[in-house]
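Everything below belongs to entry16.pdb, which stores PDB, C-alpha atoms and all ligand atoms.
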```pdb
ATOM      1  CA  VAL F   1      44.016  79.820 162.962
ATOM      2  CA  ASP F   2      43.729  82.635 165.514
ATOM      3  CA  PRO F   3      45.252  81.114 168.698
ATOM      4  CA  THR F   4      42.714  82.947 170.896
ATOM      5  CA  LEU F   5      39.816  81.167 169.207
ATOM      6  CA  ASP F   6      37.967  78.615 171.353
ATOM      7  CA  LEU F   7      37.977  75.759 168.856
ATOM      8  CA  PHE F   8      35.518  73.655 170.854
ATOM      9  CA  GLU F   9      32.968  76.480 170.783
ATOM     10  CA  GLU F  10      33.579  77.237 167.084
ATOM     11  CA  ILE F  11      33.234  73.594 166.072
ATOM     12  CA  GLU F  12      29.975  73.282 168.055
ATOM     13  CA  LYS F  13      28.652  76.368 166.228
ATOM     14  CA  LEU F  14      29.627  74.973 162.817
ATOM     15  CA  LYS F  15      27.983  71.630 163.641
ATOM     16  CA  LYS F  16      24.633  73.356 164.235
ATOM     17  CA  GLU F  17      24.919  75.862 161.360
ATOM     18  CA  LYS F  18      25.731  73.188 158.792
ATOM     19  CA  ASN F  19      23.779  70.239 160.210
ATOM     20  CA  ALA F  20      27.053  68.310 160.397
ATOM     21  CA  ILE F  21      27.879  65.210 162.422
ATOM     22  CA  ILE F  22      31.390  64.350 163.626
ATOM     23  CA  LEU F  23      32.193  60.636 163.627
ATOM     24  CA  ALA F  24      35.481  59.789 165.344
ATOM     25  CA  HIS F  25      37.449  56.572 165.628
ATOM     26  CA  TYR F  26      38.813  55.565 169.051
ATOM     27  CA  TYR F  27      42.349  56.191 167.734
ATOM     28  CA  GLN F  28      41.800  59.945 167.371
ATOM     29  CA  GLU F  29      43.459  62.380 169.764
ATOM     30  CA  PRO F  30      41.479  62.953 173.010
ATOM     31  CA  ASP F  31      40.236  66.468 172.060
ATOM     32  CA  ILE F  32      38.680  65.150 168.861
ATOM     33  CA  GLN F  33      37.083  62.222 170.723
ATOM     34  CA  ASP F  34      35.613  64.684 173.221
ATOM     35  CA  ILE F  35      33.958  66.892 170.587
ATOM     36  CA  ALA F  36      32.674  64.023 168.416
ATOM     37  CA  ASP F  37      28.951  63.174 168.183
ATOM     38  CA  TYR F  38      29.801  59.523 167.930
ATOM     39  CA  ILE F  39      33.006  57.687 168.874
ATOM     40  CA  GLY F  40      33.440  54.082 167.889
ATOM     41  CA  ASP F  41      35.245  51.266 166.154
ATOM     42  CA  SER F  42      35.116  50.653 162.430
ATOM     43  CA  LEU F  43      31.837  48.718 162.599
ATOM     44  CA  GLY F  44      30.034  51.271 164.784
ATOM     45  CA  LEU F  45      31.233  54.115 162.585
ATOM     46  CA  SER F  46      29.954  52.531 159.382
ATOM     47  CA  GLN F  47      26.597  51.795 161.048
ATOM     48  CA  GLN F  48      26.350  55.469 162.080
ATOM     49  CA  ALA F  49      27.364  56.671 158.600
ATOM     50  CA  ALA F  50      24.597  54.532 157.076
ATOM     51  CA  LYS F  51      21.847  55.907 159.309
ATOM     52  CA  THR F  52      22.674  59.580 159.938
ATOM     53  CA  ASP F  53      20.322  62.316 158.698
ATOM     54  CA  ALA F  54      23.002  65.034 158.880
ATOM     55  CA  ASP F  55      23.885  66.875 155.645
ATOM     56  CA  ILE F  56      27.616  66.689 156.259
ATOM     57  CA  ILE F  57      29.619  63.801 157.737
ATOM     58  CA  VAL F  58      32.930  64.945 159.179
ATOM     59  CA  PHE F  59      35.013  61.827 159.454
ATOM     60  CA  ALA F  60      37.708  62.037 162.097
ATOM     61  CA  GLY F  61      39.533  58.893 161.099
ATOM     62  CA  VAL F  62      41.479  57.700 158.076
ATOM     63  CA  HIS F  63      40.750  57.753 154.356
ATOM     64  CA  PHE F  64      39.255  54.252 153.968
ATOM     65  CA  MET F  65      36.778  55.038 156.766
ATOM     66  CA  ALA F  66      35.653  58.281 155.086
ATOM     67  CA  GLU F  67      35.341  56.368 151.798
ATOM     68  CA  THR F  68      33.119  53.787 153.507
ATOM     69  CA  ALA F  69      30.933  56.612 154.845
ATOM     70  CA  LYS F  70      30.688  58.115 151.334
ATOM     71  CA  ILE F  71      29.790  54.728 149.836
ATOM     72  CA  LEU F  72      27.009  54.278 152.409
ATOM     73  CA  SER F  73      25.759  57.872 152.175
ATOM     74  CA  PRO F  74      26.598  58.922 148.592
ATOM     75  CA  HIS F  75      24.357  61.997 148.634
ATOM     76  CA  LYS F  76      25.966  63.488 151.709
ATOM     77  CA  LYS F  77      29.098  65.580 151.798
ATOM     78  CA  VAL F  78      31.903  63.628 153.520
ATOM     79  CA  LEU F  79      34.850  65.596 154.889
ATOM     80  CA  LEU F  80      38.182  64.285 156.184
ATOM     81  CA  PRO F  81      40.309  66.797 158.163
ATOM     82  CA  ASP F  82      43.521  65.615 156.439
ATOM     83  CA  LEU F  83      43.358  63.808 153.091
ATOM     84  CA  LYS F  84      46.820  62.356 153.743
ATOM     85  CA  ALA F  85      45.453  60.298 156.656
ATOM     86  CA  GLY F  86      45.879  56.921 154.952
ATOM     87  CA  CYS F  87      46.458  53.430 156.359
ATOM     88  CA  SER F  88      49.600  51.303 156.122
ATOM     89  CA  LEU F  89      47.445  48.165 156.116
ATOM     90  CA  ALA F  90      45.188  49.297 153.249
ATOM     91  CA  ASP F  91      48.380  50.250 151.348
ATOM     92  CA  THR F  92      49.621  46.630 151.490
ATOM     93  CA  CYS F  93      46.871  45.590 149.077
ATOM     94  CA  PRO F  94      47.194  47.248 145.643
ATOM     95  CA  VAL F  95      44.460  46.541 143.075
ATOM     96  CA  ASP F  96      46.645  44.977 140.340
ATOM     97  CA  GLN F  97      48.332  42.531 142.729
ATOM     98  CA  PHE F  98      45.056  41.623 144.379
ATOM     99  CA  ALA F  99      43.467  40.958 140.963
ATOM    100  CA  LEU F 100      46.278  38.433 140.252
ATOM    101  CA  PHE F 101      45.804  36.856 143.695
ATOM    102  CA  LYS F 102      42.086  36.408 142.984
ATOM    103  CA  GLN F 103      42.891  34.835 139.610
ATOM    104  CA  LYS F 104      45.175  32.312 141.336
ATOM    105  CA  HIS F 105      42.339  31.329 143.696
ATOM    106  CA  PRO F 106      39.233  31.016 141.551
ATOM    107  CA  ASP F 107      35.933  29.885 143.143
ATOM    108  CA  HIS F 108      36.838  31.630 146.397
ATOM    109  CA  THR F 109      34.550  34.035 148.242
ATOM    110  CA  VAL F 110      36.442  37.219 149.084
ATOM    111  CA  ILE F 111      36.056  38.551 152.621
ATOM    112  CA  MET F 112      37.825  41.854 152.942
ATOM    113  CA  TYR F 113      38.585  43.688 156.173
ATOM    114  CA  VAL F 114      37.157  47.218 156.085
ATOM    115  CA  ASN F 115      40.759  48.535 156.292
ATOM    116  CA  SER F 116      41.057  48.476 152.503
ATOM    117  CA  THR F 117      40.501  50.952 149.676
ATOM    118  CA  ALA F 118      37.132  51.384 147.938
ATOM    119  CA  ASP F 119      38.613  49.757 144.801
ATOM    120  CA  ILE F 120      39.535  46.639 146.778
ATOM    121  CA  LYS F 121      36.094  46.545 148.435
ATOM    122  CA  ALA F 122      34.560  46.643 144.947
ATOM    123  CA  MET F 123      36.519  43.423 144.167
ATOM    124  CA  SER F 124      35.140  41.669 147.281
ATOM    125  CA  ASP F 125      32.024  39.698 148.239
ATOM    126  CA  ILE F 126      31.681  40.681 151.904
ATOM    127  CA  VAL F 127      33.416  43.282 154.035
ATOM    128  CA  CYS F 128      34.133  42.667 157.722
ATOM    129  CA  THR F 129      35.597  44.522 160.682
ATOM    130  CA  SER F 130      37.528  43.119 163.615
ATOM    131  CA  THR F 131      34.281  43.103 165.644
ATOM    132  CA  ASN F 132      32.361  40.858 163.246
ATOM    133  CA  ALA F 133      35.076  38.966 161.280
ATOM    134  CA  VAL F 134      34.368  35.644 163.040
ATOM    135  CA  GLN F 135      30.600  36.069 162.575
ATOM    136  CA  ILE F 136      31.009  36.942 158.866
ATOM    137  CA  VAL F 137      33.188  33.873 158.183
ATOM    138  CA  GLU F 138      30.760  31.646 160.109
ATOM    139  CA  SER F 139      27.820  32.999 158.083
ATOM    140  CA  LEU F 140      29.224  31.118 155.073
ATOM    141  CA  PRO F 141      28.824  27.341 154.558
ATOM    142  CA  LYS F 142      31.606  25.224 156.116
ATOM    143  CA  ASP F 143      32.956  24.018 152.773
ATOM    144  CA  GLU F 144      33.105  27.500 151.185
ATOM    145  CA  LYS F 145      36.576  28.438 149.937
ATOM    146  CA  ILE F 146      37.520  31.843 151.318
ATOM    147  CA  ILE F 147      40.128  34.503 150.595
ATOM    148  CA  PHE F 148      40.616  36.786 153.604
ATOM    149  CA  GLY F 149      42.518  40.069 153.439
ATOM    150  CA  PRO F 150      44.339  42.294 153.792
ATOM    151  CA  ASP F 151      45.452  41.668 157.408
ATOM    152  CA  LYS F 152      47.294  38.352 157.845
ATOM    153  CA  ASN F 153      47.246  38.510 161.656
ATOM    154  CA  LEU F 154      43.512  39.113 161.918
ATOM    155  CA  GLY F 155      43.054  36.439 159.235
ATOM    156  CA  ALA F 156      45.134  33.854 161.121
ATOM    157  CA  TRP F 157      43.236  34.604 164.347
ATOM    158  CA  VAL F 158      39.857  34.238 162.596
ATOM    159  CA  ALA F 159      41.025  30.980 160.963
ATOM    160  CA  LYS F 160      41.969  29.630 164.386
ATOM    161  CA  LYS F 161      38.693  30.748 166.033
ATOM    162  CA  THR F 162      36.469  29.357 163.272
ATOM    163  CA  GLY F 163      38.527  26.250 162.418
ATOM    164  CA  ARG F 164      38.359  27.326 158.733
ATOM    165  CA  ASP F 165      41.159  27.163 156.232
ATOM    166  CA  LEU F 166      41.400  30.746 154.926
ATOM    167  CA  VAL F 167      43.629  31.868 152.054
ATOM    168  CA  LEU F 168      45.318  34.922 153.534
ATOM    169  CA  TRP F 169      46.572  38.087 151.871
ATOM    170  CA  GLN F 170      49.879  38.900 153.623
ATOM    171  CA  GLY F 171      49.215  42.487 154.792
ATOM    172  CA  SER F 172      49.731  43.953 158.254
ATOM    173  CA  CYS F 173      49.337  47.156 160.254
ATOM    174  CA  MET F 174      52.463  49.129 161.171
ATOM    175  CA  VAL F 175      51.083  49.941 164.639
ATOM    176  CA  HIS F 176      49.947  46.469 165.666
ATOM    177  CA  GLU F 177      52.902  44.479 164.401
ATOM    178  CA  ILE F 178      55.581  46.346 166.350
ATOM    179  CA  PHE F 179      54.718  45.142 169.844
ATOM    180  CA  SER F 180      57.610  43.402 171.563
ATOM    181  CA  LEU F 181      56.883  39.970 173.004
ATOM    182  CA  GLU F 182      59.983  40.211 175.184
ATOM    183  CA  LYS F 183      59.141  43.635 176.637
ATOM    184  CA  ILE F 184      55.487  42.685 177.195
ATOM    185  CA  THR F 185      56.594  39.511 179.007
ATOM    186  CA  LYS F 186      58.901  41.543 181.265
ATOM    187  CA  LEU F 187      56.123  44.081 181.912
ATOM    188  CA  LYS F 188      53.692  41.269 182.780
ATOM    189  CA  ASN F 189      56.236  39.936 185.281
ATOM    190  CA  ARG F 190      56.496  43.355 186.919
ATOM    191  CA  HIS F 191      52.673  43.666 187.031
ATOM    192  CA  PRO F 192      51.504  40.132 187.887
ATOM    193  CA  GLU F 193      47.978  41.356 188.660
ATOM    194  CA  ALA F 194      47.554  43.082 185.283
ATOM    195  CA  GLU F 195      45.534  41.521 182.456
ATOM    196  CA  PHE F 196      47.097  41.648 179.012
ATOM    197  CA  ILE F 197      44.545  42.579 176.323
ATOM    198  CA  ALA F 198      45.298  42.762 172.589
ATOM    199  CA  HIS F 199      43.785  43.635 169.207
ATOM    200  CA  PRO F 200      43.694  40.746 166.677
ATOM    201  CA  GLU F 201      45.856  42.773 164.264
ATOM    202  CA  CYS F 202      48.805  41.936 166.598
ATOM    203  CA  GLU F 203      51.188  39.115 165.691
ATOM    204  CA  ASP F 204      50.346  35.554 166.698
ATOM    205  CA  ALA F 205      53.175  35.327 169.281
ATOM    206  CA  VAL F 206      51.748  38.371 171.101
ATOM    207  CA  LEU F 207      48.159  37.095 170.860
ATOM    208  CA  LYS F 208      49.235  33.744 172.350
ATOM    209  CA  ILE F 209      50.022  35.375 175.706
ATOM    210  CA  ALA F 210      46.902  37.608 175.782
ATOM    211  CA  ASP F 211      44.183  37.177 178.417
ATOM    212  CA  TYR F 212      41.645  38.697 176.037
ATOM    213  CA  ILE F 213      41.682  39.422 172.291
ATOM    214  CA  GLY F 214      39.157  41.779 170.696
ATOM    215  CA  SER F 215      38.383  44.753 168.479
ATOM    216  CA  THR F 216      38.703  48.242 169.925
ATOM    217  CA  THR F 217      35.127  48.113 171.220
ATOM    218  CA  GLY F 218      35.738  44.599 172.535
ATOM    219  CA  LEU F 219      38.835  45.728 174.437
ATOM    220  CA  LEU F 220      37.020  48.741 175.873
ATOM    221  CA  LYS F 221      34.033  46.690 177.097
ATOM    222  CA  TYR F 222      36.308  43.995 178.500
ATOM    223  CA  ALA F 223      38.450  46.474 180.442
ATOM    224  CA  ILE F 224      35.387  48.241 181.887
ATOM    225  CA  ASN F 225      33.666  45.028 182.971
ATOM    226  CA  SER F 226      36.651  43.036 184.241
ATOM    227  CA  PRO F 227      37.072  42.940 188.032
ATOM    228  CA  LYS F 228      40.824  43.503 187.508
ATOM    229  CA  LYS F 229      42.289  46.934 188.173
ATOM    230  CA  GLU F 230      45.311  46.963 185.869
ATOM    231  CA  PHE F 231      45.631  46.312 182.127
ATOM    232  CA  ILE F 232      48.436  46.161 179.573
ATOM    233  CA  VAL F 233      46.866  47.290 176.306
ATOM    234  CA  ALA F 234      48.232  46.178 172.910
ATOM    235  CA  THR F 235      46.564  48.438 170.374
ATOM    236  CA  GLU F 236      46.720  52.085 169.310
ATOM    237  CA  SER F 237      47.026  54.299 172.376
ATOM    238  CA  GLY F 238      43.967  56.497 171.554
ATOM    239  CA  ILE F 239      41.613  53.896 173.044
ATOM    240  CA  ILE F 240      43.146  54.454 176.486
ATOM    241  CA  HIS F 241      41.392  57.856 176.641
ATOM    242  CA  GLN F 242      37.969  56.123 176.585
ATOM    243  CA  MET F 243      39.134  53.381 178.969
ATOM    244  CA  GLN F 244      40.355  55.954 181.464
ATOM    245  CA  LYS F 245      37.130  57.998 181.148
ATOM    246  CA  ALA F 246      34.921  54.940 181.691
ATOM    247  CA  ALA F 247      37.032  53.471 184.527
ATOM    248  CA  PRO F 248      38.991  56.298 186.214
ATOM    249  CA  ASP F 249      40.090  54.079 189.110
ATOM    250  CA  LYS F 250      41.799  51.534 186.835
ATOM    251  CA  VAL F 251      45.327  51.667 185.439
ATOM    252  CA  PHE F 252      45.958  51.226 181.698
ATOM    253  CA  ILE F 253      49.521  50.650 180.513
ATOM    254  CA  PRO F 254      50.273  50.881 176.770
ATOM    255  CA  ALA F 255      52.062  47.699 175.604
ATOM    256  CA  PRO F 256      55.690  48.477 174.666
ATOM    257  CA  PRO F 257      56.787  48.442 171.012
ATOM    258  CA  ASN F 258      60.047  46.684 169.993
ATOM    259  CA  ASN F 259      61.838  49.870 169.022
ATOM    260  CA  SER F 260      62.317  52.520 171.687
ATOM    261  CA  CYS F 261      61.886  55.303 169.047
ATOM    262  CA  ALA F 262      58.460  53.932 168.136
ATOM    263  CA  CYS F 263      55.152  54.472 169.954
ATOM    264  CA  ASN F 264      51.641  53.074 169.787
ATOM    265  CA  ASP F 265      50.258  56.101 167.960
ATOM    266  CA  CYS F 266      49.014  55.515 164.428
ATOM    267  CA  PRO F 267      50.792  58.256 162.426
ATOM    268  CA  HIS F 268      47.882  58.353 159.972
ATOM    269  CA  MET F 269      45.132  58.666 162.560
ATOM    270  CA  LYS F 270      47.124  61.292 164.420
ATOM    271  CA  LEU F 271      47.432  63.540 161.328
ATOM    272  CA  ASN F 272      43.988  64.858 162.244
ATOM    273  CA  THR F 273      44.035  67.709 164.759
ATOM    274  CA  LEU F 274      41.356  69.902 166.329
ATOM    275  CA  GLU F 275      42.572  72.798 164.173
ATOM    276  CA  LYS F 276      42.283  70.808 160.949
ATOM    277  CA  LEU F 277      38.848  69.618 162.059
ATOM    278  CA  TYR F 278      37.739  73.219 162.538
ATOM    279  CA  LEU F 279      39.156  74.356 159.184
ATOM    280  CA  CYS F 280      37.619  71.477 157.262
ATOM    281  CA  MET F 281      34.192  72.238 158.751
ATOM    282  CA  LYS F 282      34.528  75.951 158.064
ATOM    283  CA  TYR F 283      35.596  75.594 154.411
ATOM    284  CA  GLU F 284      33.927  72.200 153.779
ATOM    285  CA  LEU F 285      37.236  70.877 152.467
ATOM    286  CA  PRO F 286      38.904  68.456 151.890
ATOM    287  CA  GLU F 287      35.960  66.439 150.633
ATOM    288  CA  VAL F 288      36.076  62.704 149.892
ATOM    289  CA  THR F 289      34.421  61.893 146.570
ATOM    290  CA  LEU F 290      34.203  58.646 144.590
ATOM    291  CA  PRO F 291      32.981  57.757 141.091
ATOM    292  CA  LYS F 292      29.320  56.624 141.020
ATOM    293  CA  THR F 293      30.199  53.303 139.350
ATOM    294  CA  LEU F 294      32.723  52.506 142.108
ATOM    295  CA  ILE F 295      30.181  53.366 144.825
ATOM    296  CA  GLU F 296      27.630  51.045 143.198
ATOM    297  CA  LYS F 297      30.092  48.127 143.255
ATOM    298  CA  ALA F 298      31.645  48.768 146.671
ATOM    299  CA  VAL F 299      28.335  49.244 148.483
ATOM    300  CA  LYS F 300      27.235  45.620 147.946
ATOM    301  CA  PRO F 301      29.862  43.888 150.141
ATOM    302  CA  ILE F 302      29.477  46.565 152.827
ATOM    303  CA  GLU F 303      25.689  46.206 152.891
ATOM    304  CA  ARG F 304      26.089  42.432 153.090
ATOM    305  CA  MET F 305      28.258  42.924 156.181
ATOM    306  CA  LEU F 306      25.766  45.332 157.795
ATOM    307  CA  GLU F 307      22.891  42.872 157.187
ATOM    308  CA  ILE F 308      24.820  39.987 158.792
ATOM    309  CA  SER F 309      25.884  42.059 161.822
ATOM    310  CA  ALA F 310      22.541  43.866 162.311
TER
HETATM  311  P1  LIG M   1      38.632  48.357 164.833
HETATM  312  O1  LIG M   1      38.099  49.728 164.834
HETATM  313  O2  LIG M   1      37.714  47.438 164.049
HETATM  314  O3  LIG M   1      38.954  47.803 166.164
HETATM  315  O4  LIG M   1      39.994  48.379 163.956
HETATM  316  C1  LIG M   1      41.141  48.938 164.423
HETATM  317  C2  LIG M   1      41.922  49.656 163.392
HETATM  318  O5  LIG M   1      43.051  49.378 163.138
HETATM  319  C3  LIG M   1      41.301  50.746 162.707
HETATM  320  O6  LIG M   1      42.204  51.330 161.868
HETATM  321 FE1  LIG M   2      45.730  51.510 159.439
HETATM  322 FE2  LIG M   2      46.939  50.403 161.521
HETATM  323 FE3  LIG M   2      46.542  53.007 161.495
HETATM  324 FE4  LIG M   2      44.450  51.341 161.782
HETATM  325  S1  LIG M   2      46.121  51.636 163.218
HETATM  326  S2  LIG M   2      44.582  53.130 160.443
HETATM  327  S3  LIG M   2      45.126  49.635 160.517
HETATM  328  S4  LIG M   2      47.836  51.872 160.093
END
```

What is this structure when it is put down as structure tokens?
Amino acid sequence: VDPTLDLFEEIEKLKKEKNAIILAHYYQEPDIQDIADYIGDSLGLSQQAAKTDADIIVFAGVHFMAETAKILSPHKKVLLPDLKAGCSLADTCPVDQFALFKQKHPDHTVIMYVNSTADIKAMSDIVCTSTNAVQIVESLPKDEKIIFGPDKNLGAWVAKKTGRDLVLWQGSCMVHEIFSLEKITKLKNRHPEAEFIAHPECEDAVLKIADYIGSTTGLLKYAINSPKKEFIVATESGIIHQMQKAAPDKVFIPAPPNNSCACNDCPHMKLNTLEKLYLCMKYELPEVTLPKTLIEKAVKPIERMLEISA
């Protein structure tokens, strides 16, 4: 790409020319968040994908999110700036192993976190996100047997909140499971006024010392509305851009990971760049496509989720 090109201007032009909408997850780099038409968490993004009248959905997020958009809007073109933007959590749940797991637990309703492949969604009864997981579980009768996957930490947190006995798939997210309890405790001691807020994909030991636990949107709203001025944030660092924009006078400290070489950036989310976004809009590639039969199966559990959380 010509380095003298104003990518913001070019992307705005392409949006109008092609009647395209850019949907971006909170974990995208700040430039992408700033040019997006809608920024949100997984639930908000799927609600937008279901209702948009744009011809092209440019999904600045990871592959399972673009797949969900395609499933909800099968007649629209869905673009993902980098097809390699996957998800370590979705990868923990391969179809053949999950089919065996289901066989071992017959008569169970399958609730699947949206961070899963389209094939896995097609094997599920209801999809959920971290915003509505508690509500989705509670929408089922108390005696219903439930499989919850693929994130074991979110699953354990939901089980605790709802008092339900969930059969958990043992998956986890590489970003959320690396936070160091010891380093966070030390940081809390150095910042006694700070509130510690965490995403439910974090490990139980980390969640136990949190002042607030919530999805990305939950964390953002909490931080904006809290009277406190300082926050230690245990989730992907991209969300701090929105926190800082909404509350410029507050201080947001990323929670420290256990390995000093690691950081709170999701390597999959951060594969997308402004340049790749521009190129994918210009050439309308790479496109996310799915077989019609798979879309027909996978749409049912997603629509069930959207109805419950409407
Ligand atoms: P939410 O967007 O539901 O908070 O999920 C976070 C996440 O890990 C997305 O990949
Ligand atoms: Fe997947 Fe974790 Fe990255 Fe979200 S933050 S896309 S769950 S690897």

Report task. Write out as a PyMOL selection string the residues lying within 12 Å of Lys282 in chain F, counting all atoms listed in the file and excluding same-chain residues fewer than 4 positions away. Result -> chain F and resi 1+7+10-18+20+56+58+79+81+275-278+286

Dump of C-alpha atoms for the selected residues, as a PDB file, keeping the file's coordinate frame:
```
ATOM      1  CA  VAL F   1      44.016  79.820 162.962  1.00  0.00           C
ATOM      2  CA  LEU F   7      37.977  75.759 168.856  1.00  0.00           C
ATOM      3  CA  GLU F  10      33.579  77.237 167.084  1.00  0.00           C
ATOM      4  CA  ILE F  11      33.234  73.594 166.072  1.00  0.00           C
ATOM      5  CA  GLU F  12      29.975  73.282 168.055  1.00  0.00           C
ATOM      6  CA  LYS F  13      28.652  76.368 166.228  1.00  0.00           C
ATOM      7  CA  LEU F  14      29.627  74.973 162.817  1.00  0.00           C
ATOM      8  CA  LYS F  15      27.983  71.630 163.641  1.00  0.00           C
ATOM      9  CA  LYS F  16      24.633  73.356 164.235  1.00  0.00           C
ATOM     10  CA  GLU F  17      24.919  75.862 161.360  1.00  0.00           C
ATOM     11  CA  LYS F  18      25.731  73.188 158.792  1.00  0.00           C
ATOM     12  CA  ALA F  20      27.053  68.310 160.397  1.00  0.00           C
ATOM     13  CA  ILE F  56      27.616  66.689 156.259  1.00  0.00           C
ATOM     14  CA  VAL F  58      32.930  64.945 159.179  1.00  0.00           C
ATOM     15  CA  LEU F  79      34.850  65.596 154.889  1.00  0.00           C
ATOM     16  CA  PRO F  81      40.309  66.797 158.163  1.00  0.00           C
ATOM     17  CA  GLU F 275      42.572  72.798 164.173  1.00  0.00           C
ATOM     18  CA  LYS F 276      42.283  70.808 160.949  1.00  0.00           C
ATOM     19  CA  LEU F 277      38.848  69.618 162.059  1.00  0.00           C
ATOM     20  CA  TYR F 278      37.739  73.219 162.538  1.00  0.00           C
ATOM     21  CA  PRO F 286      38.904  68.456 151.890  1.00  0.00           C
TER      22      PRO F 286
END
```

Query raised in the report: What does the PyMOL selection byres (((chain F and resi 149) around 9) and not hetatm) select in this file, as number ranges by chain?
Result: F: 93, 110-113, 116, 147-148, 150-152, 154-155, 167-171

Write out the residues from the selection above, keeping C-alpha atoms, as a PDB file, keeping the file's coordinate frame.
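Dumped everything to result.pdb:
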```
ATOM      1  CA  CYS F  93      46.871  45.590 149.077  1.00  0.00           C
ATOM      2  CA  VAL F 110      36.442  37.219 149.084  1.00  0.00           C
ATOM      3  CA  ILE F 111      36.056  38.551 152.621  1.00  0.00           C
ATOM      4  CA  MET F 112      37.825  41.854 152.942  1.00  0.00           C
ATOM      5  CA  TYR F 113      38.585  43.688 156.173  1.00  0.00           C
ATOM      6  CA  SER F 116      41.057  48.476 152.503  1.00  0.00           C
ATOM      7  CA  ILE F 147      40.128  34.503 150.595  1.00  0.00           C
ATOM      8  CA  PHE F 148      40.616  36.786 153.604  1.00  0.00           C
ATOM      9  CA  PRO F 150      44.339  42.294 153.792  1.00  0.00           C
ATOM     10  CA  ASP F 151      45.452  41.668 157.408  1.00  0.00           C
ATOM     11  CA  LYS F 152      47.294  38.352 157.845  1.00  0.00           C
ATOM     12  CA  LEU F 154      43.512  39.113 161.918  1.00  0.00           C
ATOM     13  CA  GLY F 155      43.054  36.439 159.235  1.00  0.00           C
ATOM     14  CA  VAL F 167      43.629  31.868 152.054  1.00  0.00           C
ATOM     15  CA  LEU F 168      45.318  34.922 153.534  1.00  0.00           C
ATOM     16  CA  TRP F 169      46.572  38.087 151.871  1.00  0.00           C
ATOM     17  CA  GLN F 170      49.879  38.900 153.623  1.00  0.00           C
ATOM     18  CA  GLY F 171      49.215  42.487 154.792  1.00  0.00           C
TER      19      GLY F 171
END
```

Requested in this report: Expand the PyMOL selection byres (((chain F and resi 297) around 12) and not hetatm) into the individual residues it matches in the shown file, reporting them as a list in words.
Outcome: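 This file gives the following for the PyMOL selection byres (((chain F and resi 297) around 12) and not hetatm): Ile71, Leu72, Ala118, Asp119, Ile120, Lys121, Ala122, Met123, Ser124, Asp125, Ile126, Leu290, Pro291, Lys292, Thr293, Leu294, Ile295, Glu296, Ala298, Val299, Lys300, Pro301, Ile302 and Glu303 of chain F.
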
Requested in this report: Please identify all polymer residues within 10 Å of Asn258 in chain F, counting only C-alpha atoms, omitting same-chain residues fewer than 6 positions from it, and present them as a PyMOL selection string.
Outcome: chain F and resi 177-184

Write a file of the selected residues as a PDB file, keeping the file's coordinate frame, keeping C-alpha atoms.
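File written: result_12.pdb
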```pdb
ATOM      1  CA  GLU F 177      52.902  44.479 164.401  1.00  0.00           C
ATOM      2  CA  ILE F 178      55.581  46.346 166.350  1.00  0.00           C
ATOM      3  CA  PHE F 179      54.718  45.142 169.844  1.00  0.00           C
ATOM      4  CA  SER F 180      57.610  43.402 171.563  1.00  0.00           C
ATOM      5  CA  LEU F 181      56.883  39.970 173.004  1.00  0.00           C
ATOM      6  CA  GLU F 182      59.983  40.211 175.184  1.00  0.00           C
ATOM      7  CA  LYS F 183      59.141  43.635 176.637  1.00  0.00           C
ATOM      8  CA  ILE F 184      55.487  42.685 177.195  1.00  0.00           C
TER       9      ILE F 184
END
```

Query - Contacts with ligand LIG 1 (chain M) at most 7 Å, only C-alpha atoms and all ligand atoms counted, listed as a list in words - result: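 Answer in the requested format: His25, Asp41, Ser42, Leu43, Asn115, Thr129, Ser130, Thr131, Ser215, Thr216 and Thr217 of chain F.
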
Requested in this report: Evaluate the PyMOL selection byres (((chain F and resi 50) around 9) and not hetatm) here and jot the selected residues down as a PyMOL selection string.
Outcome: chain F and resi 45-49+51-52+69+71-73

Query raised in the report: What does the distance between CA of Glu9 in chain F and CA of Leu274 in chain F come to in Å, to one decimal place?
Result: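 CA of Leu274 in chain F lies at a distance of 11.6 Å from CA of Glu9 in chain F.
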
Query raised in the report: Given a cut-off of 8 Å, what residues near ligand LIG 2 (chain M) show up using only C-alpha atoms and all ligand atoms, put as a list in words?
Result: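 Listing the residues within 8 Å of ligand LIG 2 (chain M) gives Tyr27, Gly61, Val62, Gly86, Cys87, Ser88, Leu89, Ala90, Asn115, Ser172, Cys173, Met174, Val175, His176, Glu201, Thr235, Glu236, Asp265, Cys266, Pro267, His268 and Met269 of chain F.
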
Report summary line: note - CA of Ile224 in chain F and CA of Lys250 in chain F are separated by 8.7 Å

**Report entry** Gap from CA of Glu230 in chain F to CA of Ile253 in chain F - Å, one decimal
**Finding:**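 Going from CA of Glu230 in chain F over to CA of Ile253 in chain F covers 7.7 Å.
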
Test item: axis-aligned box, all listed atoms of range 41-52 of chain F, 5 Å on each side, centre and edges in Å rounded to one decimal, as AutoDock Vina command-line options:
```
--center_x 28.5 --center_y 54.1 --center_z 161.6 --size_x 23.4 --size_y 20.9 --size_z 19.1
```

**Report entry** Nearest-residue call for Thr289 in chain F, choices F:Leu166, F:Phe59, F:Gln33, F:Lys77, using all atoms listed in the file
**Finding:** F:Lys77

**Report entry** For Val127 in chain F, the nearest of the candidates F:Asn153, F:Asn272, F:Asn264, F:Thr68, counting all atoms listed in the file
**Finding:**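 The closest residue to Val127 in chain F is F:Thr68.
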
**Report entry** Shell around Ala194 in chain F at 12 Å using all atoms listed in the file, local window under 3 positions removed, as a PyMOL selection string
**Finding:** chain F and resi 184-185+187-191+197+210-212+223+226-233+250-255

Report task. Compare F:Lys186, F:Lys221, F:Arg164, F:His63 by their minimum atom-to-atom distance to Ala246 in chain F, counting all atoms listed in the file, and give me the closest one. Result ->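 When distances to Ala246 in chain F are compared using all atoms listed in the file, the smallest one comes from F:Lys221.
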